[in-house]
Amino acid sequence: MADIVLDKVSKKYPDGTVAVHDVDLEIADGEFIILVGPSGCGKSTTLNMIAGLEDISSGELRIGGERVNDRAPKDRDIAMVFQSYALYPNMTVRENMAFPLRLAKMDRKVVDEKVGEAARVLELTDYLDRRPANLSGGQRQRVAMGRAIVRSPKAFLMDEPLSNLDAKLRVQMRTQVSRLQKQLGTTTVYVTHDQTEAMTLGDRVVVMRGGYIQQVGDPQTLYDQPRNLFVAGFIGSPAMNFLPAEAEESLLRTPLGDLPLTDRLRASLARTGPAGGARQLIVGVRPEHFEDAALVEDSQRPKGFEFTAPVDLVESMGSDKYVYFTVEGQRASAADLEDLAADAGGADLPPQDSLVTRLSAESRVRGGADAKVWMNLDKLHLFDPSDGRNITLTEDKPGAHAD
Amino acid sequence: MSVQEKVRIPARRSPRTKAVLSEGKRQERRLGWLLCAPAAIVMVAVTAYPIIYSVWLSLQRYDLKFPDQKEFVGLANYATVLSNGYWWSAFGVTALITVISVTAELVLGMGLALIMHKTVVGRGLVRTSALIPYGIVTVVAAFSWRYAWTPGTGYLANLVTPDGAPLTERAGALAIIVLAEIWKTTPFMALLLMAGLALVPDDLLKAASMDGASWWQRFTKVMLPVMKPAVLVALLFRTLDAFRVFDNIYVLTAGANETSSVSMIAYNNLMKGLNLGIGSTMSVLIFLTVAIIAFIFVKLFGTAAPGSDDGTRR
């Protein structure tokens, strides 16, 4: 077990493309950290550099305090689980799991013991003499995990280990992976493109985009205090709503109506920009920060803003309702949002002119009719469209955004 | 007749699928056989008939120099050949050439395949130049080897054995024959092995290096087992080819100094000696040997069970 430190680590390919830019990251001993981002964001490259499967172009990588830049993967004492599982087809489950131990020239008895133990933990005891071809996807995945844990390495690296499983199994395995990691307490770096996986698994989540780290933090912080538009839009499902807005003296013009500027918002605006004059902004509101106006308690009401809009569609989830509203006017636009749209292929993001809200299940809102909706102004985020920065963030750390 | 039988057998074996698929499946199979038929008929005409005819010839005393003495003699020809020293000497030479050349080709071919597989820069050039020897007609190549080893004029002869004439002694001649064989067919081996290398998923090698395997361990414990079917196919092809070695020997030594292969003496008996009986017997024996080699290899395939081990390719 050990900590992993990335000190200005970069990856530059011979053709000049830079996949990873000066990544600084300190992963504590025993921590479960997730690298998440759309494809091509450099998360897998970063993982491969930690593994030693790709050379580090510049910067330093330390595992357990030792510089390991020039060490071969086999000398770094870390185990990796691949998306394809990469099980050796010619070996049985037992041989697969014993492979790293046998290479380490361990005593046969010790090997049997460790493999048996790992198989017990992963419920693979009955399958030890089968070959990978005769296992189901979930079982193969567990064998891949088993091969990693038998060695008790300094760290686990996981490259989208659950992506090849079907949805239900993925959720099951997710909890199993999480439990296993807590149990073993081994430092784990986990790469995924799925924000739900990132949120549910990690102690801390690193959001990456275009080779840059966007934000590092525990899942709740990322969700509540996204540093920029990209993180705000990437984390959370359904995604945050973004609306174009124009700030004036004491109000905020949006397609939903003129929102009053609360003290908090006014302070943010004053802190981050020139006083006076109209200013273009993007308003971000999470779906759960809307409520059916009829169901809002009187004590809450003054904190928010009420508006009426035509209901497009209602999706009842049982515990609550996803209500889609049609919003007139222009769509918010910024480079960050375009990246997000490109990643989602437009599927996960709300369609043009649409607002996603998550209302109580008791709401009587129906499709086709107009509905009165309350929006919590305390939870509203304001973003600067030019650089995507979240200007409502209270503990503002400058220089974190890389564009 | 046989078409219909073949159709019914699998259907009978799995009654469950019969109910659902029988009609369409049967139609499909019938079409399959019809499409195969022209090729099968040609095969029978050009392969089965000559084989059966040569078996028939091998059971007769039949020498074109004495056509009057033609007579059915049963297995007497086989007894003659199998108790003959020349046959066994040729058999030994052939086996020696086969084993040495195929082994060397496997090792060199694997090396060449790895190089061709890994090369990023000038891939086409590397592959083309590696394949040149295989593209040259064997007889032409054999002649160039013969000239190279001719004392006085050949550059290899001057360089390696300035005082000797290697093609005129048994050991030297055999070494040159083996060398010519290796030079000629290593590219073919490499080509087959490269197809096998492409079957080894990259992740598997990465996983092995993460698991602590050195380069050699990755090669022997992961690569070779995964590409074993391809290696076996390559070995089978080359062994069968090498056992019938003829052109190189014919050009280089013409079988002098006991360098004849079995194909060589079969040719000599048939074409030069005009002894159809003995020559056919030898041909049939070569055919049987080759069949046995193939049978052994196919049995090996059976144990390797290709197709059941592609678990990681998804």
# chains A, B, ... in the order shown; residues from 1 in each chain; ligands from 1
call {"tool": "residues_around", "arguments": {"residues": "Val365 of chain A", "least_positions_apart": "4", "cutoff": "9 Å", "atoms": "only C-alpha atoms", "output": "JSON list (two decimals) with all heavy atoms, in the first residue's frame"}}
result
[["chain", "number", "residue", "atom", "x", "y", "z"],
["A", 292, "ASP", "N", -42.96, 22.02, -7.64],
["A", 292, "ASP", "CA", -44.31, 22.43, -7.98],
["A", 292, "ASP", "C", -44.70, 23.55, -7.01],
["A", 292, "ASP", "O", -44.67, 23.35, -5.80],
["A", 292, "ASP", "CB", -45.24, 21.22, -7.82],
["A", 292, "ASP", "CG", -46.64, 21.51, -8.33],
["A", 292, "ASP", "OD1", -47.00, 22.70, -8.37],
["A", 292, "ASP", "OD2", -47.33, 20.55, -8.68],
["A", 311, "VAL", "N", -45.90, 22.57, -19.89],
["A", 311, "VAL", "CA", -45.28, 21.27, -19.62],
["A", 311, "VAL", "C", -45.18, 20.50, -20.94],
["A", 311, "VAL", "O", -46.17, 20.39, -21.67],
["A", 311, "VAL", "CB", -46.11, 20.47, -18.61],
["A", 311, "VAL", "CG1", -45.52, 19.08, -18.42],
["A", 311, "VAL", "CG2", -46.17, 21.21, -17.29],
["A", 314, "VAL", "N", -44.07, 14.50, -18.87],
["A", 314, "VAL", "CA", -43.90, 14.11, -17.46],
["A", 314, "VAL", "C", -43.42, 12.67, -17.41],
["A", 314, "VAL", "O", -44.02, 11.80, -18.04],
["A", 314, "VAL", "CB", -45.23, 14.24, -16.69],
["A", 314, "VAL", "CG1", -45.05, 13.82, -15.24],
["A", 314, "VAL", "CG2", -45.76, 15.66, -16.77],
["A", 323, "VAL", "N", -40.18, 16.42, -14.86],
["A", 323, "VAL", "CA", -41.09, 17.19, -15.70],
["A", 323, "VAL", "C", -40.26, 18.06, -16.64],
["A", 323, "VAL", "O", -39.36, 18.78, -16.20],
["A", 323, "VAL", "CB", -42.03, 18.06, -14.84],
["A", 323, "VAL", "CG1", -43.00, 18.82, -15.74],
["A", 323, "VAL", "CG2", -42.78, 17.20, -13.85],
["A", 369, "ALA", "N", -50.41, 20.97, -20.37],
["A", 369, "ALA", "CA", -50.96, 22.13, -19.66],
["A", 369, "ALA", "C", -49.83, 23.03, -19.18],
["A", 369, "ALA", "O", -48.66, 22.66, -19.19],
["A", 369, "ALA", "CB", -51.79, 21.66, -18.48],
["A", 370, "ASP", "N", -50.19, 24.23, -18.74],
["A", 370, "ASP", "CA", -49.20, 25.11, -18.13],
["A", 370, "ASP", "C", -49.07, 24.75, -16.65],
["A", 370, "ASP", "O", -50.01, 24.27, -16.04],
["A", 370, "ASP", "CB", -49.64, 26.57, -18.25],
["A", 370, "ASP", "CG", -49.28, 27.14, -19.61],
["A", 370, "ASP", "OD1", -48.88, 26.33, -20.47],
["A", 370, "ASP", "OD2", -49.39, 28.36, -19.81],
["A", 371, "ALA", "N", -47.88, 24.98, -16.11],
["A", 371, "ALA", "CA", -47.73, 24.69, -14.68],
["A", 371, "ALA", "C", -46.94, 25.80, -14.04],
["A", 371, "ALA", "O", -46.09, 26.44, -14.66],
["A", 371, "ALA", "CB", -47.03, 23.35, -14.49],
["A", 372, "LYS", "N", -47.22, 26.00, -12.76],
["A", 372, "LYS", "CA", -46.51, 27.03, -12.01],
["A", 372, "LYS", "C", -45.41, 26.34, -11.23],
["A", 372, "LYS", "O", -45.66, 25.37, -10.49],
["A", 372, "LYS", "CB", -47.49, 27.74, -11.07],
["A", 372, "LYS", "CG", -46.97, 29.10, -10.65],
["A", 372, "LYS", "CD", -48.07, 29.89, -9.96],
["A", 372, "LYS", "CE", -47.54, 31.27, -9.60],
["A", 372, "LYS", "NZ", -48.38, 31.92, -8.59]]
call {"tool": "select_by_dssp", "arguments": {"residues": "segment 43-127 of chain B", "states": "helix (DSSP H, G or I)", "output": "VMD selection string"}}
result
chain B and resid 43 to 58 67 to 69 76 to 82 85 to 118 123 to 127
call {"tool": "closest_residue", "arguments": {"among": "A:Gly233, A:Gly284, A:Pro238, A:Gly64", "to": "Leu380 of chain A", "atoms": "only C-alpha atoms"}}
result
A:Gly284
call {"tool": "residues_around", "arguments": {"residues": "segment 133-147 of chain A", "least_positions_apart": "5", "cutoff": "9 Å", "atoms": "only C-alpha atoms", "output": "PyMOL selection string"}}
result
(chain A and resi 79-87+89+93-94+96-100+115+118-119+121-124+127+161-162+164-166+169-170+173+177) or (chain B and resi 211+308-312)
call {"tool": "residues_around", "arguments": {"residues": "segment 72-86 of chain B", "least_positions_apart": "6", "cutoff": "6 Å", "atoms": "only C-alpha atoms", "output": "list in words"}}
result
Leu59, Gln60 and Ile278 of chain B
call {"tool": "atom_distance", "arguments": {"atom1": "atom CA of Val191 of chain A", "atom2": "atom CA of Val222 of chain B"}}
result
25.5 Å
call {"tool": "atom_distance", "arguments": {"atom1": "atom CA of Val189 of chain A", "atom2": "atom CA of Ile34 of chain A"}}
result
5.9 Å
call {"tool": "atom_distance", "arguments": {"atom1": "atom CA of Glu291 of chain A", "atom2": "atom CA of Gly257 of chain A"}}
result
16.4 Å
call {"tool": "closest_residue", "arguments": {"among": "A:Phe234, A:Tyr13, A:Phe32, A:Tyr88", "to": "chain B", "atoms": "only C-alpha atoms"}}
result
A:Tyr88
call {"tool": "residues_around", "arguments": {"residues": "segment 264-276 of chain B", "least_positions_apart": "4", "cutoff": "12 Å", "atoms": "only C-alpha atoms", "output": "PyMOL selection string"}}
result
chain B and resi 53-67+69-71+77+81+84-91+93-94+243-251+253-256+258-260+280-287
call {"tool": "residues_around", "arguments": {"residues": "Thr150 of chain B", "least_positions_apart": "5", "cutoff": "9 Å", "atoms": "only C-alpha atoms", "output": "compact mmCIF listing (two decimals) with N, CA, C and O atoms, in the first residue's frame"}}
result
# COMPACT_ATOMS: atom_id res chain seq x y z
N TRP B 145 21.82 -20.76 -55.67
CA TRP B 145 22.59 -21.37 -54.57
C TRP B 145 23.70 -22.26 -55.13
O TRP B 145 24.81 -22.29 -54.63
N TYR B 155 30.63 -17.13 -55.00
CA TYR B 155 31.18 -16.26 -53.96
C TYR B 155 31.14 -16.92 -52.59
O TYR B 155 32.03 -16.74 -51.79
N LEU B 156 30.10 -17.73 -52.32
CA LEU B 156 30.04 -18.38 -51.02
C LEU B 156 31.11 -19.46 -50.89
O LEU B 156 31.73 -19.63 -49.84
N ALA B 157 31.32 -20.18 -51.98
CA ALA B 157 32.34 -21.22 -51.96
C ALA B 157 33.72 -20.60 -51.71
O ALA B 157 34.48 -21.07 -50.87
N ASN B 158 34.01 -19.49 -52.38
CA ASN B 158 35.30 -18.82 -52.18
C ASN B 158 35.44 -18.30 -50.76
O ASN B 158 36.50 -18.32 -50.17
N ALA B 165 34.85 -28.56 -51.93
CA ALA B 165 33.70 -28.49 -52.81
C ALA B 165 32.53 -29.06 -52.04
O ALA B 165 32.24 -30.25 -52.13
N PRO B 166 31.89 -28.23 -51.24
CA PRO B 166 30.89 -28.74 -50.30
C PRO B 166 29.76 -29.52 -50.96
O PRO B 166 29.22 -30.45 -50.38
N LEU B 167 29.42 -29.14 -52.20
CA LEU B 167 28.31 -29.82 -52.83
C LEU B 167 28.67 -31.25 -53.25
O LEU B 167 27.81 -32.02 -53.67
call {"tool": "select_by_dssp", "arguments": {"residues": "segment 34-239 of chain A", "states": "strand (DSSP E)", "output": "NGL selection string"}}
result
:A and (34-36 or 58-63 or 66-67 or 78-81 or 155-159 or 187-192 or 204-209 or 212-217)
call {"tool": "write_last_selection", "arguments": {"atoms": "C-alpha atoms", "output": "compact mmCIF listing (two decimals), in the first residue's frame"}}
result
# COMPACT_ATOMS: atom_id res chain seq x y z
CA ILE A 34 -11.89 8.14 -9.83
CA LEU A 35 -10.70 9.68 -13.07
CA VAL A 36 -13.76 10.64 -15.06
CA SER A 58 7.63 15.10 -18.49
CA GLY A 59 6.96 15.43 -14.80
CA GLU A 60 7.43 12.93 -12.04
CA LEU A 61 5.44 9.98 -10.79
CA ARG A 62 6.06 8.78 -7.25
CA ILE A 63 4.57 5.66 -5.73
CA GLU A 66 9.83 6.63 -4.79
CA ARG A 67 10.21 8.01 -8.28
CA ILE A 78 0.68 -2.38 -8.96
CA ALA A 79 -2.15 -4.46 -10.37
CA MET A 80 -4.49 -3.50 -13.14
CA VAL A 81 -7.98 -4.56 -14.17
CA ALA A 155 -2.23 -0.01 -5.71
CA PHE A 156 -5.02 -1.13 -8.01
CA LEU A 157 -5.59 0.50 -11.34
CA MET A 158 -8.93 -0.10 -12.98
CA ASP A 159 -9.64 0.88 -16.56
CA THR A 187 -5.04 2.71 -2.96
CA THR A 188 -7.19 2.51 -6.08
CA VAL A 189 -7.28 4.58 -9.24
CA TYR A 190 -10.38 3.93 -11.26
CA VAL A 191 -11.09 5.25 -14.74
CA THR A 192 -14.61 5.60 -16.05
CA ARG A 204 -12.57 11.71 -4.50
CA VAL A 205 -13.33 12.32 -8.14
CA VAL A 206 -11.05 13.90 -10.72
CA VAL A 207 -12.94 15.38 -13.65
CA MET A 208 -10.79 15.64 -16.76
CA ARG A 209 -11.31 17.24 -20.12
CA TYR A 212 -6.53 18.99 -18.20
CA ILE A 213 -7.86 18.37 -14.74
CA GLN A 214 -11.04 20.39 -14.35
CA GLN A 215 -11.75 19.80 -10.71
CA VAL A 216 -10.78 17.41 -7.95
CA GLY A 217 -13.02 16.83 -4.99
call {"tool": "closest_residue", "arguments": {"among": "B:Lys184, B:Lys206, B:Arg127, B:Arg26", "to": "chain A", "atoms": "only C-alpha atoms"}}
result
B:Lys206
call {"tool": "residues_around", "arguments": {"residues": "Glu328 of chain A", "least_positions_apart": "5", "cutoff": "12 Å", "atoms": "only C-alpha atoms", "output": "PDB file with C-alpha atoms, in the first residue's frame"}}
result
ATOM      1  CA  LEU A 243     -30.067  29.189 -19.448  1.00  0.00           C
ATOM      2  CA  PRO A 244     -28.661  32.308 -21.018  1.00  0.00           C
ATOM      3  CA  THR A 254     -33.606  34.891 -18.258  1.00  0.00           C
ATOM      4  CA  PRO A 255     -35.994  33.081 -20.592  1.00  0.00           C
ATOM      5  CA  LEU A 256     -37.925  32.095 -17.473  1.00  0.00           C
ATOM      6  CA  GLY A 257     -38.482  35.703 -16.491  1.00  0.00           C
ATOM      7  CA  THR A 308     -45.291  29.542 -15.318  1.00  0.00           C
ATOM      8  CA  ALA A 309     -44.324  27.448 -18.308  1.00  0.00           C
ATOM      9  CA  PRO A 310     -45.941  24.885 -20.620  1.00  0.00           C
ATOM     10  CA  GLN A 352     -33.106  22.522 -27.195  1.00  0.00           C
ATOM     11  CA  ASP A 353     -35.376  24.919 -25.317  1.00  0.00           C
ATOM     12  CA  SER A 354     -36.169  22.392 -22.664  1.00  0.00           C
ATOM     13  CA  LEU A 355     -35.939  22.554 -18.921  1.00  0.00           C
TER      14      LEU A 355
END
call {"tool": "closest_residue", "arguments": {"among": "A:Arg364, A:Lys379, A:Lys154, A:Lys43", "to": "Ala19 of chain A", "atoms": "only C-alpha atoms"}}
result
A:Lys43
